[in-house]
Amino acid sequence: MEVATSNHIELNEKGAFLSVPPSAKGRWNEEEAMERRNFLGAFTAASVGILLEGSLTELAHAQSTAQGGISLAGQLPFETSKVEVSGNTIFVRRYGRGPAILMVHGFPRTSLMGRFLAPKLAENHTVICIDLRAYGRSGIPASTDDHLPFSKRAMAAELVGVMDKIGFPTFTLIGHDRGGRVSYRLALDHPDHVERLAVFDVIPILEAWSRSDARFAQTYWPWILLSQKAPLPESYLLGAPKAVFDNPFGHGSFSAEILEEYVSTYRDPARVHGICEEYRAAATIDVEHDRADKEASRRIECPMLHLWAEGGPLDTFYAKDGGSLGIWRQWAPLAQGQPMKGGHFFPEENPDDTAVLVKQFLSA
């Protein structure tokens, strides 16, 4: 039975991962001891700040079930690193060996969202889970008046650079929520790098805004609130950082330790500002990028898998368009997909069924 590794990982000059023995990093001794325990909360203050100064506990050992039970049973080892690319730093969790899969989380999660799904896909793949810029442990570039540094185009280009630097110029791409939008933009802007694309519980930004109405505004509150001018949305998030996890766009069945790791992002003013800048980009410059592609009839030509929450907005809002899958087929002729049990966060809440469909997609 495999357990998660506690090795600290660095990159050499060629971008390869290097394991640093625990003896070289005394702070890892505590984690080695914790591997033999069944509760993440046993991490002591000595474990805090392992990868980033001031960061919260490194949750290297995740729950073994989506229902909140905590165990190390069955966990594959993974490595962590920070990859410097284009003047920014991206935090990476790496599982397995083989052809590459890049997994991109959405709001309000981090790369930790892949803690169940990634090991299931890593049996014969290298799975790279990243923190998007401003989230978790990744860097926070300065923004501009047009929000370009937090556009999906800028974020997609950054991820191409990350994958190239660690030795995977081509890869399968899986994105959820905001990460799904970064992912389809990457497939449009950098098609030679994407072998297959999976997008979970989102439709293109242009299509969502063009169909917005009162029902949309009441459901997708982050789109409306977080795209407002600073400092209004920043003040709300910072004033009640846990509140975002008490609604359908944040709620999950994870433990208090996982919640604390997620919430840490929303206690940092710089990170909160970056997240709001991404939402502002989604209401402005991202729409223009989508519109230009649609007018030019650019399409995603690689095989595409679209999964969405059964009974959720994408399952009910767009019937006259053939559902969300019908919308995606206007952008990706090879798109296939189906609804999933588990709500908006089905990759985290229902990783078993998600893994089955993704594996089928990869082997087709």
# chains A, B, ... in the order shown; residues from 1 in each chain; ligands from 1

call {"tool": "residues_around", "arguments": {"residues": "Asp268 (chain A)", "least_positions_apart": "2", "cutoff": "10 Å", "atoms": "only C-alpha atoms", "output": "list in words"}}
result
Ser55, Ala134, Tyr135, Gly136, Leu237, Leu238, Pro241, Val263, Ser264, Thr265, Tyr266, Ala270, Arg271, Val272 and His273 of chain A

call {"tool": "write_last_selection", "arguments": {"atoms": "N, CA and C atoms", "output": "PDB file, in the first residue's frame"}}
result
ATOM      1  N   SER A  55       2.513  30.522   5.070  1.00  0.00           N
ATOM      2  CA  SER A  55       1.423  29.677   4.592  1.00  0.00           C
ATOM      3  C   SER A  55       0.928  28.797   5.725  1.00  0.00           C
ATOM      4  N   ALA A 134      -2.457  33.701  -7.776  1.00  0.00           N
ATOM      5  CA  ALA A 134      -3.169  34.329  -6.655  1.00  0.00           C
ATOM      6  C   ALA A 134      -3.798  33.318  -5.706  1.00  0.00           C
ATOM      7  N   TYR A 135      -4.000  32.088  -6.140  1.00  0.00           N
ATOM      8  CA  TYR A 135      -4.599  31.087  -5.267  1.00  0.00           C
ATOM      9  C   TYR A 135      -3.533  30.296  -4.510  1.00  0.00           C
ATOM     10  N   GLY A 136      -3.899  29.826  -3.324  1.00  0.00           N
ATOM     11  CA  GLY A 136      -3.077  28.874  -2.600  1.00  0.00           C
ATOM     12  C   GLY A 136      -1.664  29.354  -2.348  1.00  0.00           C
ATOM     13  N   LEU A 237     -14.931  39.651   0.752  1.00  0.00           N
ATOM     14  CA  LEU A 237     -14.217  38.387   0.918  1.00  0.00           C
ATOM     15  C   LEU A 237     -13.330  38.391   2.151  1.00  0.00           C
ATOM     16  N   LEU A 238     -12.593  39.467   2.341  1.00  0.00           N
ATOM     17  CA  LEU A 238     -11.705  39.551   3.495  1.00  0.00           C
ATOM     18  C   LEU A 238     -12.481  39.663   4.804  1.00  0.00           C
ATOM     19  N   PRO A 241     -14.087  35.504   5.291  1.00  0.00           N
ATOM     20  CA  PRO A 241     -13.418  34.561   4.382  1.00  0.00           C
ATOM     21  C   PRO A 241     -14.041  33.173   4.340  1.00  0.00           C
ATOM     22  N   VAL A 263      -9.435  28.193   2.998  1.00  0.00           N
ATOM     23  CA  VAL A 263      -9.768  29.529   3.486  1.00  0.00           C
ATOM     24  C   VAL A 263      -8.538  30.413   3.610  1.00  0.00           C
ATOM     25  N   SER A 264      -7.365  29.812   3.763  1.00  0.00           N
ATOM     26  CA  SER A 264      -6.150  30.618   3.924  1.00  0.00           C
ATOM     27  C   SER A 264      -5.961  31.606   2.786  1.00  0.00           C
ATOM     28  N   THR A 265      -6.372  31.229   1.581  1.00  0.00           N
ATOM     29  CA  THR A 265      -6.273  32.140   0.435  1.00  0.00           C
ATOM     30  C   THR A 265      -7.054  33.423   0.692  1.00  0.00           C
ATOM     31  N   TYR A 266      -8.191  33.313   1.346  1.00  0.00           N
ATOM     32  CA  TYR A 266      -9.111  34.442   1.482  1.00  0.00           C
ATOM     33  C   TYR A 266      -8.836  35.292   2.719  1.00  0.00           C
ATOM     34  N   ALA A 270      -3.677  40.415  -0.775  1.00  0.00           N
ATOM     35  CA  ALA A 270      -3.120  40.386  -2.126  1.00  0.00           C
ATOM     36  C   ALA A 270      -3.752  39.273  -2.953  1.00  0.00           C
ATOM     37  N   ARG A 271      -3.966  38.115  -2.344  1.00  0.00           N
ATOM     38  CA  ARG A 271      -4.589  37.008  -3.069  1.00  0.00           C
ATOM     39  C   ARG A 271      -6.049  37.329  -3.393  1.00  0.00           C
ATOM     40  N   VAL A 272      -6.744  37.879  -2.447  1.00  0.00           N
ATOM     41  CA  VAL A 272      -8.143  38.242  -2.687  1.00  0.00           C
ATOM     42  C   VAL A 272      -8.245  39.258  -3.817  1.00  0.00           C
ATOM     43  N   HIS A 273      -7.347  40.210  -3.849  1.00  0.00           N
ATOM     44  CA  HIS A 273      -7.366  41.186  -4.945  1.00  0.00           C
ATOM     45  C   HIS A 273      -7.118  40.499  -6.286  1.00  0.00           C
TER      46      HIS A 273
END

call {"tool": "residues_around", "arguments": {"residues": "Leu112 (chain A)", "least_positions_apart": "5", "cutoff": "12 Å", "atoms": "only C-alpha atoms", "output": "ChimeraX atom specification"}}
result
/A:58-63,78,80,91-94,103-106,117-119,128-132,135-137,254,257-263,347-348

call {"tool": "atom_distance", "arguments": {"atom1": "CA of Pro303 (chain A)", "atom2": "CA of His193 (chain A)"}}
result
13.0 Å

call {"tool": "atom_distance", "arguments": {"atom1": "CA of Leu206 (chain A)", "atom2": "CA of Ala283 (chain A)"}}
result
9.0 Å

call {"tool": "closest_residue", "arguments": {"among": "A:Asn124, A:Ser183, A:Ser138, A:Ser227", "to": "Glu277 (chain A)", "atoms": "only C-alpha atoms"}}
result
A:Ser227

call {"tool": "closest_residue", "arguments": {"among": "A:Met155, A:Val199, A:Ala292, A:Leu186", "to": "Gly139 (chain A)", "atoms": "only C-alpha atoms"}}
result
A:Met155

call {"tool": "residues_around", "arguments": {"residues": "Asp353 (chain A)", "least_positions_apart": "6", "cutoff": "12 Å", "atoms": "only C-alpha atoms", "output": "MDAnalysis selection string"}}
result
chainID A and resid 66 116:117 120:121 307 338:342 346:347 359:360

call {"tool": "decode", "arguments": {"residues": "region 111-202 of chain A", "atoms": "C-alpha atoms", "output": "PDB file, in the first residue's frame"}}
result
ATOM      1  CA  SER A 111      -4.720  22.316  -6.314  1.00  0.00           C
ATOM      2  CA  LEU A 112      -5.798  20.441  -3.199  1.00  0.00           C
ATOM      3  CA  MET A 113      -9.109  19.855  -4.963  1.00  0.00           C
ATOM      4  CA  GLY A 114      -7.384  17.135  -7.005  1.00  0.00           C
ATOM      5  CA  ARG A 115      -6.344  15.095  -3.956  1.00  0.00           C
ATOM      6  CA  PHE A 116      -8.836  12.297  -4.756  1.00  0.00           C
ATOM      7  CA  LEU A 117      -9.063  12.386  -8.546  1.00  0.00           C
ATOM      8  CA  ALA A 118      -5.351  12.844  -9.321  1.00  0.00           C
ATOM      9  CA  PRO A 119      -4.176   9.591  -7.671  1.00  0.00           C
ATOM     10  CA  LYS A 120      -6.819   7.642  -9.586  1.00  0.00           C
ATOM     11  CA  LEU A 121      -5.539   9.036 -12.876  1.00  0.00           C
ATOM     12  CA  ALA A 122      -1.868   8.694 -11.894  1.00  0.00           C
ATOM     13  CA  GLU A 123      -1.806   4.919 -12.224  1.00  0.00           C
ATOM     14  CA  ASN A 124      -0.386   5.380 -15.726  1.00  0.00           C
ATOM     15  CA  HIS A 125      -0.076   9.156 -16.091  1.00  0.00           C
ATOM     16  CA  THR A 126       1.874  12.016 -14.613  1.00  0.00           C
ATOM     17  CA  VAL A 127      -0.782  14.252 -13.079  1.00  0.00           C
ATOM     18  CA  ILE A 128       0.158  17.878 -12.468  1.00  0.00           C
ATOM     19  CA  CYS A 129      -2.175  19.851 -10.182  1.00  0.00           C
ATOM     20  CA  ILE A 130      -1.431  23.567  -9.964  1.00  0.00           C
ATOM     21  CA  ASP A 131      -2.539  26.555  -7.951  1.00  0.00           C
ATOM     22  CA  LEU A 132      -3.720  29.277 -10.309  1.00  0.00           C
ATOM     23  CA  ARG A 133      -2.014  32.625  -9.883  1.00  0.00           C
ATOM     24  CA  ALA A 134      -3.169  34.329  -6.655  1.00  0.00           C
ATOM     25  CA  TYR A 135      -4.599  31.087  -5.267  1.00  0.00           C
ATOM     26  CA  GLY A 136      -3.077  28.874  -2.600  1.00  0.00           C
ATOM     27  CA  ARG A 137       0.710  29.013  -2.811  1.00  0.00           C
ATOM     28  CA  SER A 138       1.257  30.473  -6.269  1.00  0.00           C
ATOM     29  CA  GLY A 139       2.578  33.940  -6.969  1.00  0.00           C
ATOM     30  CA  ILE A 140       0.478  37.067  -7.392  1.00  0.00           C
ATOM     31  CA  PRO A 141       1.479  39.207 -10.391  1.00  0.00           C
ATOM     32  CA  ALA A 142       0.644  42.895 -10.364  1.00  0.00           C
ATOM     33  CA  SER A 143      -2.491  43.689 -12.319  1.00  0.00           C
ATOM     34  CA  THR A 144      -3.242  46.497 -14.770  1.00  0.00           C
ATOM     35  CA  ASP A 145      -6.219  48.721 -15.539  1.00  0.00           C
ATOM     36  CA  ASP A 146      -7.438  46.341 -18.261  1.00  0.00           C
ATOM     37  CA  HIS A 147      -6.987  43.281 -15.968  1.00  0.00           C
ATOM     38  CA  LEU A 148      -4.880  41.562 -18.643  1.00  0.00           C
ATOM     39  CA  PRO A 149      -2.497  39.830 -16.179  1.00  0.00           C
ATOM     40  CA  PHE A 150      -5.517  37.966 -14.795  1.00  0.00           C
ATOM     41  CA  SER A 151      -7.129  37.233 -18.143  1.00  0.00           C
ATOM     42  CA  LYS A 152      -7.582  33.606 -19.115  1.00  0.00           C
ATOM     43  CA  ARG A 153      -5.182  34.256 -21.978  1.00  0.00           C
ATOM     44  CA  ALA A 154      -2.375  35.306 -19.636  1.00  0.00           C
ATOM     45  CA  MET A 155      -3.074  32.476 -17.213  1.00  0.00           C
ATOM     46  CA  ALA A 156      -3.202  29.916 -20.015  1.00  0.00           C
ATOM     47  CA  ALA A 157       0.122  31.072 -21.451  1.00  0.00           C
ATOM     48  CA  GLU A 158       1.634  30.781 -17.989  1.00  0.00           C
ATOM     49  CA  LEU A 159       0.521  27.161 -17.663  1.00  0.00           C
ATOM     50  CA  VAL A 160       1.975  26.294 -21.055  1.00  0.00           C
ATOM     51  CA  GLY A 161       5.258  27.671 -19.727  1.00  0.00           C
ATOM     52  CA  VAL A 162       4.998  25.615 -16.545  1.00  0.00           C
ATOM     53  CA  MET A 163       4.358  22.374 -18.409  1.00  0.00           C
ATOM     54  CA  ASP A 164       7.153  23.058 -20.862  1.00  0.00           C
ATOM     55  CA  LYS A 165       9.587  23.799 -18.057  1.00  0.00           C
ATOM     56  CA  ILE A 166       8.890  20.534 -16.261  1.00  0.00           C
ATOM     57  CA  GLY A 167       9.227  18.559 -19.472  1.00  0.00           C
ATOM     58  CA  PHE A 168       5.702  18.159 -20.863  1.00  0.00           C
ATOM     59  CA  PRO A 169       5.218  20.284 -23.990  1.00  0.00           C
ATOM     60  CA  THR A 170       2.015  18.369 -24.786  1.00  0.00           C
ATOM     61  CA  PHE A 171      -0.569  17.139 -22.315  1.00  0.00           C
ATOM     62  CA  THR A 172      -4.184  16.327 -21.569  1.00  0.00           C
ATOM     63  CA  LEU A 173      -5.907  19.258 -19.894  1.00  0.00           C
ATOM     64  CA  ILE A 174      -8.647  19.048 -17.240  1.00  0.00           C
ATOM     65  CA  GLY A 175     -10.205  22.213 -15.836  1.00  0.00           C
ATOM     66  CA  HIS A 176     -13.009  22.843 -13.374  1.00  0.00           C
ATOM     67  CA  ASP A 177     -14.927  26.100 -12.925  1.00  0.00           C
ATOM     68  CA  ARG A 178     -12.475  29.020 -13.423  1.00  0.00           C
ATOM     69  CA  GLY A 179      -9.845  26.445 -14.293  1.00  0.00           C
ATOM     70  CA  GLY A 180     -12.143  25.163 -17.018  1.00  0.00           C
ATOM     71  CA  ARG A 181     -12.160  28.607 -18.582  1.00  0.00           C
ATOM     72  CA  VAL A 182      -8.400  28.873 -18.390  1.00  0.00           C
ATOM     73  CA  SER A 183      -8.271  25.428 -19.980  1.00  0.00           C
ATOM     74  CA  TYR A 184     -10.477  26.095 -22.990  1.00  0.00           C
ATOM     75  CA  ARG A 185      -8.623  29.370 -23.590  1.00  0.00           C
ATOM     76  CA  LEU A 186      -5.356  27.405 -23.531  1.00  0.00           C
ATOM     77  CA  ALA A 187      -6.769  24.957 -26.061  1.00  0.00           C
ATOM     78  CA  LEU A 188      -7.791  27.825 -28.345  1.00  0.00           C
ATOM     79  CA  ASP A 189      -4.571  29.823 -28.016  1.00  0.00           C
ATOM     80  CA  HIS A 190      -2.104  26.908 -27.867  1.00  0.00           C
ATOM     81  CA  PRO A 191      -3.741  23.994 -29.705  1.00  0.00           C
ATOM     82  CA  ASP A 192      -0.443  22.235 -30.436  1.00  0.00           C
ATOM     83  CA  HIS A 193       0.095  21.715 -26.708  1.00  0.00           C
ATOM     84  CA  VAL A 194      -3.273  20.113 -25.905  1.00  0.00           C
ATOM     85  CA  GLU A 195      -3.937  16.489 -26.810  1.00  0.00           C
ATOM     86  CA  ARG A 196      -7.323  16.233 -25.101  1.00  0.00           C
ATOM     87  CA  LEU A 197      -9.458  18.692 -23.173  1.00  0.00           C
ATOM     88  CA  ALA A 198     -11.922  18.097 -20.336  1.00  0.00           C
ATOM     89  CA  VAL A 199     -13.980  20.992 -18.972  1.00  0.00           C
ATOM     90  CA  PHE A 200     -16.127  20.555 -15.882  1.00  0.00           C
ATOM     91  CA  ASP A 201     -19.315  22.485 -15.072  1.00  0.00           C
ATOM     92  CA  VAL A 202     -18.729  25.633 -17.119  1.00  0.00           C
TER      93      VAL A 202
END
